[in-house]
Amino acid sequence: MEKAIQFFLHPAELKAAIQLKFFRETQYPRDVNSESESLKICFELLGVASRSFVAVIMELNPELRVPIMIFYLALRGLDTIEDDTTIEPSIKVPLLRTFHEKLKTKDWTFNGNGPNEKDRIVLVKFNNVLIEYHKLKPKYKEVISDITKLMGNGMADYIGDDQFNLNGVATIKDYDLYCYYVAGLVGLGLTKLNVEAGFANPKIVKNEYLHLTHSMGLFLQKANIIRDFKEDLDDGRSFWPKEIWSKYINTLKDFELKENRKKSLECVSELVLNDLSHVKDVLIYLSLIEETSTYQFCVIPQVMAIATLELVFQNPLVFERNVKIRKGETCQLILESRTYKGCINIFRRYIRRIHHKCPVDDRNYLQIGIQCGQIEQFIESLFPEDHLPIGAKLPKGNEIFDCVKHKVQLDKKIEPILAKETQDCNQLLYAITICVFALGLGLYHIF
């Protein structure tokens, strides 16, 4: 009933949901009949471990579909060990540090998770992941192994960090480092896989561009951390950096008190402000992803992240429950973000909403305004031809602009497909509307 009400209040989202469900064609359908039994089990494990990721992974180009799935399951296995409080540190830490070495075996499994650990099945059936891992091209296996090693050691370091375990994240620098280990490394691995497959501009893995990859992970992870405050607090932990939240309140529990609501919302404002610092890097990074299905895989989490920031901004419900984007809004974001210009329009729209929602008496009002203004100016700079006087020519040698221009040209190949999809959906909805109207009119005359 709640979803029905949401769609009634947001009819454009209902249309997006119908278009996404019935009219969007999968570019690379899965051929189940050609799959081995172990590969089928891996897809089942993926569905158990992540309902949100399974859909986008299934639509990837076949060249990277299985490598990215195996990469995800390997990291999910790591995370399942790290998250399980029933495993003693004396067992957990060595296991995390040597997890990448398990990838060299062919039949390793782990049954030591607590019975209530929701993703324990991934490790119980991990031998199937290993079978498919060893079928991958050596260049993909190397990336997966390297990132698994880095992440496993990073997780082990945090488990052994008494200060972190006792007090949580202390400084903004610690905050960035934590987000790098849990999300930035994932982004780095995916970026390397994309480059190895020839699906991204090779410059993206050069040292001078690596900060773009890191920002992709940090932007997404920070949005989730802000959103999940209440859920994390109920679990006895928090990842908000003390360097920020201590400006507003004495203890994390005090954020839940209604008399502290104004200070609490101002703290969220500063956390959102911190996360917005990554937006420019995110938009540049996305312009460097050239293959269509891989681009969609990368862009969907990012547009969800900017929508999440707008949702939590000045929202007191953050301190009462876990807030989520509406399903229909998610459908809209997926459809609109399929081209680079669509992605840009999404970011511009939500940046403006954040700016307009910020109250004048918020202590971060000026900084929020400056940050949002700078992002809008940056977006305009990505498309300088839209603002040129008649007869003027663009200066040559702008590397970012050249990448954006190339990406927009690549999108032109899929624009006719997207236009036909939208047209077919509109025609069906128009026909249904006419039928419903005619039926209603007929019933009116009868009764």
# chains A, B, ... in the order shown; residues from 1 in each chain; ligands from 1
call {"tool": "select_by_dssp", "arguments": {"residues": "range 140-334 of chain A", "states": "helix (DSSP H, G or I)", "output": "MDAnalysis selection string"}}
result
chainID A and resid 140:159 162:167 172:197 202:205 207:227 229:234 242:245 252:256 258:276 279:287 292:312 316:319 327:334
call {"tool": "write_last_selection", "arguments": {"atoms": "C-alpha atoms", "output": "compact mmCIF listing (two decimals), in the first residue's frame"}}
result
# COMPACT_ATOMS: atom_id res chain seq x y z
CA TYR A 140 41.77 -10.39 -14.25
CA LYS A 141 42.93 -12.87 -11.61
CA GLU A 142 45.89 -10.65 -10.80
CA VAL A 143 43.66 -7.61 -10.18
CA ILE A 144 41.27 -9.57 -7.97
CA SER A 145 44.09 -11.11 -5.93
CA ASP A 146 45.92 -7.79 -5.45
CA ILE A 147 42.83 -5.91 -4.24
CA THR A 148 41.76 -8.79 -2.00
CA LYS A 149 45.18 -8.72 -0.36
CA LEU A 150 45.08 -4.95 0.20
CA MET A 151 41.55 -5.01 1.58
CA GLY A 152 42.14 -8.01 3.82
CA ASN A 153 45.18 -6.38 5.40
CA GLY A 154 43.33 -3.09 5.76
CA MET A 155 40.48 -4.82 7.59
CA ALA A 156 42.95 -6.64 9.83
CA ASP A 157 44.68 -3.36 10.69
CA TYR A 158 41.39 -1.85 11.87
CA ILE A 159 40.56 -4.88 14.00
CA ASP A 162 42.29 -0.37 19.81
CA GLN A 163 41.72 3.37 19.43
CA PHE A 164 39.40 2.82 16.45
CA ASN A 165 37.54 -0.03 18.17
CA LEU A 166 37.01 2.06 21.31
CA ASN A 167 36.28 5.51 19.89
CA ILE A 172 38.62 13.44 8.71
CA LYS A 173 41.89 11.89 7.52
CA ASP A 174 40.93 8.65 9.31
CA TYR A 175 37.45 8.91 7.78
CA ASP A 176 38.90 9.15 4.27
CA LEU A 177 41.30 6.26 4.94
CA TYR A 178 38.53 4.02 6.27
CA CYS A 179 36.33 4.78 3.25
CA TYR A 180 39.32 4.08 0.98
CA TYR A 181 39.76 0.60 2.46
CA VAL A 182 36.08 -0.39 2.33
CA ALA A 183 35.10 1.31 -0.96
CA GLY A 184 38.04 3.03 -2.63
CA LEU A 185 39.90 -0.24 -3.12
CA VAL A 186 36.80 -1.76 -4.71
CA GLY A 187 36.72 1.15 -7.14
CA LEU A 188 40.41 0.71 -7.87
CA GLY A 189 39.90 -2.96 -8.69
CA LEU A 190 36.92 -2.28 -10.93
CA THR A 191 38.83 0.48 -12.71
CA LYS A 192 41.75 -1.84 -13.42
CA LEU A 193 39.40 -4.55 -14.69
CA ASN A 194 37.75 -2.02 -17.03
CA VAL A 195 41.09 -0.88 -18.41
CA GLU A 196 42.32 -4.45 -18.88
CA ALA A 197 39.13 -5.19 -20.84
CA PRO A 202 43.83 3.83 -20.13
CA LYS A 203 44.92 7.10 -18.52
CA ILE A 204 42.46 6.48 -15.69
CA VAL A 205 44.91 4.10 -13.96
CA ASN A 207 49.11 7.89 -10.91
CA GLU A 208 47.95 11.41 -11.72
CA TYR A 209 44.38 10.13 -12.21
CA LEU A 210 44.12 7.66 -9.32
CA HIS A 211 42.48 10.29 -7.10
CA LEU A 212 39.45 10.09 -9.42
CA THR A 213 39.05 6.40 -8.64
CA HIS A 214 39.43 7.04 -4.91
CA SER A 215 36.79 9.78 -5.02
CA MET A 216 34.32 7.39 -6.66
CA GLY A 217 34.55 5.05 -3.68
CA LEU A 218 34.65 7.78 -1.05
CA PHE A 219 31.65 9.66 -2.46
CA LEU A 220 29.50 6.53 -2.41
CA GLN A 221 30.68 5.25 0.97
CA LYS A 222 30.32 8.58 2.76
CA ALA A 223 26.74 8.98 1.52
CA ASN A 224 25.92 5.54 2.92
CA ILE A 225 27.65 6.28 6.22
CA ILE A 226 25.63 9.48 6.71
CA ARG A 227 22.39 7.67 5.84
CA PHE A 229 23.77 6.62 11.27
CA LYS A 230 20.82 5.25 13.26
CA GLU A 231 21.34 1.66 12.13
CA ASP A 232 25.05 1.79 12.97
CA LEU A 233 24.43 3.44 16.33
CA ASP A 234 21.94 0.72 17.28
CA LYS A 242 34.66 12.84 15.68
CA GLU A 243 36.54 15.81 14.22
CA ILE A 244 33.21 16.86 12.69
CA TRP A 245 30.51 15.67 15.06
CA LEU A 252 26.81 10.33 19.58
CA LYS A 253 23.74 9.27 21.57
CA ASP A 254 22.89 12.96 22.07
CA PHE A 255 22.09 13.23 18.35
CA GLU A 256 18.89 11.28 19.01
CA LYS A 258 14.98 16.16 19.92
CA GLU A 259 16.25 19.18 21.85
CA ASN A 260 19.50 18.79 19.90
CA ARG A 261 17.81 18.56 16.52
CA LYS A 262 19.14 21.84 15.09
CA LYS A 263 22.74 20.99 16.00
CA SER A 264 22.25 17.46 14.67
CA LEU A 265 21.06 18.72 11.30
CA GLU A 266 23.96 21.16 11.12
CA CYS A 267 26.33 18.24 11.66
CA VAL A 268 24.70 16.41 8.75
CA SER A 269 25.18 19.59 6.70
CA GLU A 270 28.91 19.51 7.33
CA LEU A 271 29.12 15.80 6.54
CA VAL A 272 27.27 16.40 3.26
CA LEU A 273 29.55 19.35 2.55
CA ASN A 274 32.56 17.08 3.06
CA ASP A 275 31.15 14.50 0.65
CA LEU A 276 30.31 17.06 -2.03
CA VAL A 279 31.65 15.38 -6.99
CA LYS A 280 33.98 16.96 -9.56
CA ASP A 281 36.26 13.92 -9.53
CA VAL A 282 33.27 11.60 -9.91
CA LEU A 283 32.02 13.43 -13.00
CA ILE A 284 35.47 13.41 -14.61
CA TYR A 285 35.90 9.70 -13.87
CA LEU A 286 32.57 8.80 -15.46
CA SER A 287 33.56 10.60 -18.66
CA THR A 292 27.99 1.30 -22.31
CA SER A 293 27.17 -1.51 -19.85
CA THR A 294 30.28 -0.78 -17.77
CA TYR A 295 29.39 2.90 -17.65
CA GLN A 296 25.91 2.04 -16.36
CA PHE A 297 27.45 -0.24 -13.76
CA CYS A 298 29.62 2.67 -12.56
CA VAL A 299 27.11 5.50 -12.80
CA ILE A 300 24.09 3.98 -11.03
CA PRO A 301 25.69 3.88 -7.53
CA GLN A 302 26.92 7.47 -8.00
CA VAL A 303 23.55 8.96 -8.94
CA MET A 304 22.03 7.00 -6.06
CA ALA A 305 24.65 8.58 -3.79
CA ILE A 306 23.85 12.18 -4.81
CA ALA A 307 20.13 11.44 -4.38
CA THR A 308 20.91 9.99 -0.94
CA LEU A 309 22.78 13.15 0.06
CA GLU A 310 19.77 15.26 -0.89
CA LEU A 311 17.50 12.89 1.04
CA VAL A 312 19.50 13.05 4.29
CA PRO A 316 15.56 14.72 11.02
CA LEU A 317 14.47 11.16 10.20
CA VAL A 318 18.17 10.28 9.84
CA PHE A 319 18.28 10.18 13.66
CA LYS A 327 11.77 2.73 -5.50
CA GLY A 328 10.22 4.85 -8.24
CA GLU A 329 12.90 7.49 -7.82
CA THR A 330 15.52 4.78 -8.20
CA CYS A 331 13.91 3.69 -11.47
CA GLN A 332 14.03 7.27 -12.72
CA LEU A 333 17.70 7.58 -11.82
CA ILE A 334 18.61 4.34 -13.60
call {"tool": "residues_around", "arguments": {"residues": "Val408 in chain A", "least_positions_apart": "2", "cutoff": "8 Å", "atoms": "only C-alpha atoms", "output": "ChimeraX atom specification"}}
result
/A:339-341,404-406,410-412
call {"tool": "residues_around", "arguments": {"residues": "Lys106 in chain A", "least_positions_apart": "6", "cutoff": "9 Å", "atoms": "only C-alpha atoms", "output": "PyMOL selection string"}}
result
chain A and resi 127-131+133-134
call {"tool": "atom_distance", "arguments": {"atom1": "CA of Asp31 in chain A", "atom2": "CA of Gln423 in chain A"}}
result
28.6 Å
call {"tool": "atom_distance", "arguments": {"atom1": "CA of Gly198 in chain A", "atom2": "CA of Leu136 in chain A"}}
result
16.0 Å
call {"tool": "closest_residue", "arguments": {"among": "A:Gln367, A:Leu288, A:Phe71, A:Val436", "to": "Phe401 in chain A", "atoms": "only C-alpha atoms"}}
result
A:Leu288
call {"tool": "decode", "arguments": {"residues": "range 384-439 of chain A", "atoms": "C-alpha atoms", "output": "PDB file, in the first residue's frame"}}
result
ATOM      1  CA  PRO A 384      31.706  25.083 -23.012  1.00  0.00           C
ATOM      2  CA  GLU A 385      30.177  24.961 -26.495  1.00  0.00           C
ATOM      3  CA  ASP A 386      26.759  25.579 -24.903  1.00  0.00           C
ATOM      4  CA  HIS A 387      27.930  28.997 -23.686  1.00  0.00           C
ATOM      5  CA  LEU A 388      30.094  30.226 -26.559  1.00  0.00           C
ATOM      6  CA  PRO A 389      29.205  33.487 -28.304  1.00  0.00           C
ATOM      7  CA  ILE A 390      28.269  33.110 -31.964  1.00  0.00           C
ATOM      8  CA  GLY A 391      31.370  32.725 -34.090  1.00  0.00           C
ATOM      9  CA  ALA A 392      33.696  31.995 -31.162  1.00  0.00           C
ATOM     10  CA  LYS A 393      35.897  28.893 -31.174  1.00  0.00           C
ATOM     11  CA  LEU A 394      36.995  26.668 -28.330  1.00  0.00           C
ATOM     12  CA  PRO A 395      40.657  26.718 -27.322  1.00  0.00           C
ATOM     13  CA  LYS A 396      42.415  23.410 -27.939  1.00  0.00           C
ATOM     14  CA  GLY A 397      44.196  21.289 -25.387  1.00  0.00           C
ATOM     15  CA  ASN A 398      41.504  21.019 -22.674  1.00  0.00           C
ATOM     16  CA  GLU A 399      41.933  17.356 -21.718  1.00  0.00           C
ATOM     17  CA  ILE A 400      38.802  17.102 -19.561  1.00  0.00           C
ATOM     18  CA  PHE A 401      36.622  18.706 -22.216  1.00  0.00           C
ATOM     19  CA  ASP A 402      38.034  16.360 -24.868  1.00  0.00           C
ATOM     20  CA  CYS A 403      37.138  13.311 -22.744  1.00  0.00           C
ATOM     21  CA  VAL A 404      33.623  14.619 -22.104  1.00  0.00           C
ATOM     22  CA  LYS A 405      33.127  15.375 -25.785  1.00  0.00           C
ATOM     23  CA  HIS A 406      34.271  11.861 -26.704  1.00  0.00           C
ATOM     24  CA  LYS A 407      31.897  10.338 -24.135  1.00  0.00           C
ATOM     25  CA  VAL A 408      28.942  12.357 -25.452  1.00  0.00           C
ATOM     26  CA  GLN A 409      29.743  11.177 -28.976  1.00  0.00           C
ATOM     27  CA  LEU A 410      29.761   7.550 -27.796  1.00  0.00           C
ATOM     28  CA  ASP A 411      26.340   8.066 -26.193  1.00  0.00           C
ATOM     29  CA  LYS A 412      24.856   9.043 -29.560  1.00  0.00           C
ATOM     30  CA  LYS A 413      24.999   5.368 -30.550  1.00  0.00           C
ATOM     31  CA  ILE A 414      22.463   4.384 -27.871  1.00  0.00           C
ATOM     32  CA  GLU A 415      20.266   7.504 -27.922  1.00  0.00           C
ATOM     33  CA  PRO A 416      17.964   6.176 -30.718  1.00  0.00           C
ATOM     34  CA  ILE A 417      17.427   2.969 -28.719  1.00  0.00           C
ATOM     35  CA  LEU A 418      16.558   4.936 -25.594  1.00  0.00           C
ATOM     36  CA  ALA A 419      14.245   7.239 -27.544  1.00  0.00           C
ATOM     37  CA  LYS A 420      12.326   4.307 -29.075  1.00  0.00           C
ATOM     38  CA  GLU A 421      12.049   2.637 -25.665  1.00  0.00           C
ATOM     39  CA  THR A 422      10.545   5.810 -24.190  1.00  0.00           C
ATOM     40  CA  GLN A 423       8.206   6.246 -27.157  1.00  0.00           C
ATOM     41  CA  ASP A 424       6.906   2.669 -26.905  1.00  0.00           C
ATOM     42  CA  CYS A 425       6.255   3.100 -23.179  1.00  0.00           C
ATOM     43  CA  ASN A 426       4.465   6.417 -23.739  1.00  0.00           C
ATOM     44  CA  GLN A 427       2.261   4.921 -26.442  1.00  0.00           C
ATOM     45  CA  LEU A 428       1.207   2.052 -24.195  1.00  0.00           C
ATOM     46  CA  LEU A 429       0.424   4.362 -21.285  1.00  0.00           C
ATOM     47  CA  TYR A 430      -1.490   6.664 -23.606  1.00  0.00           C
ATOM     48  CA  ALA A 431      -3.577   3.728 -24.902  1.00  0.00           C
ATOM     49  CA  ILE A 432      -4.270   2.545 -21.346  1.00  0.00           C
ATOM     50  CA  THR A 433      -5.309   6.062 -20.324  1.00  0.00           C
ATOM     51  CA  ILE A 434      -7.741   6.291 -23.257  1.00  0.00           C
ATOM     52  CA  CYS A 435      -9.232   2.897 -22.395  1.00  0.00           C
ATOM     53  CA  VAL A 436      -9.644   3.763 -18.720  1.00  0.00           C
ATOM     54  CA  PHE A 437     -11.218   7.115 -19.617  1.00  0.00           C
ATOM     55  CA  ALA A 438     -13.600   5.449 -22.086  1.00  0.00           C
ATOM     56  CA  LEU A 439     -14.530   2.772 -19.537  1.00  0.00           C
TER      57      LEU A 439
END
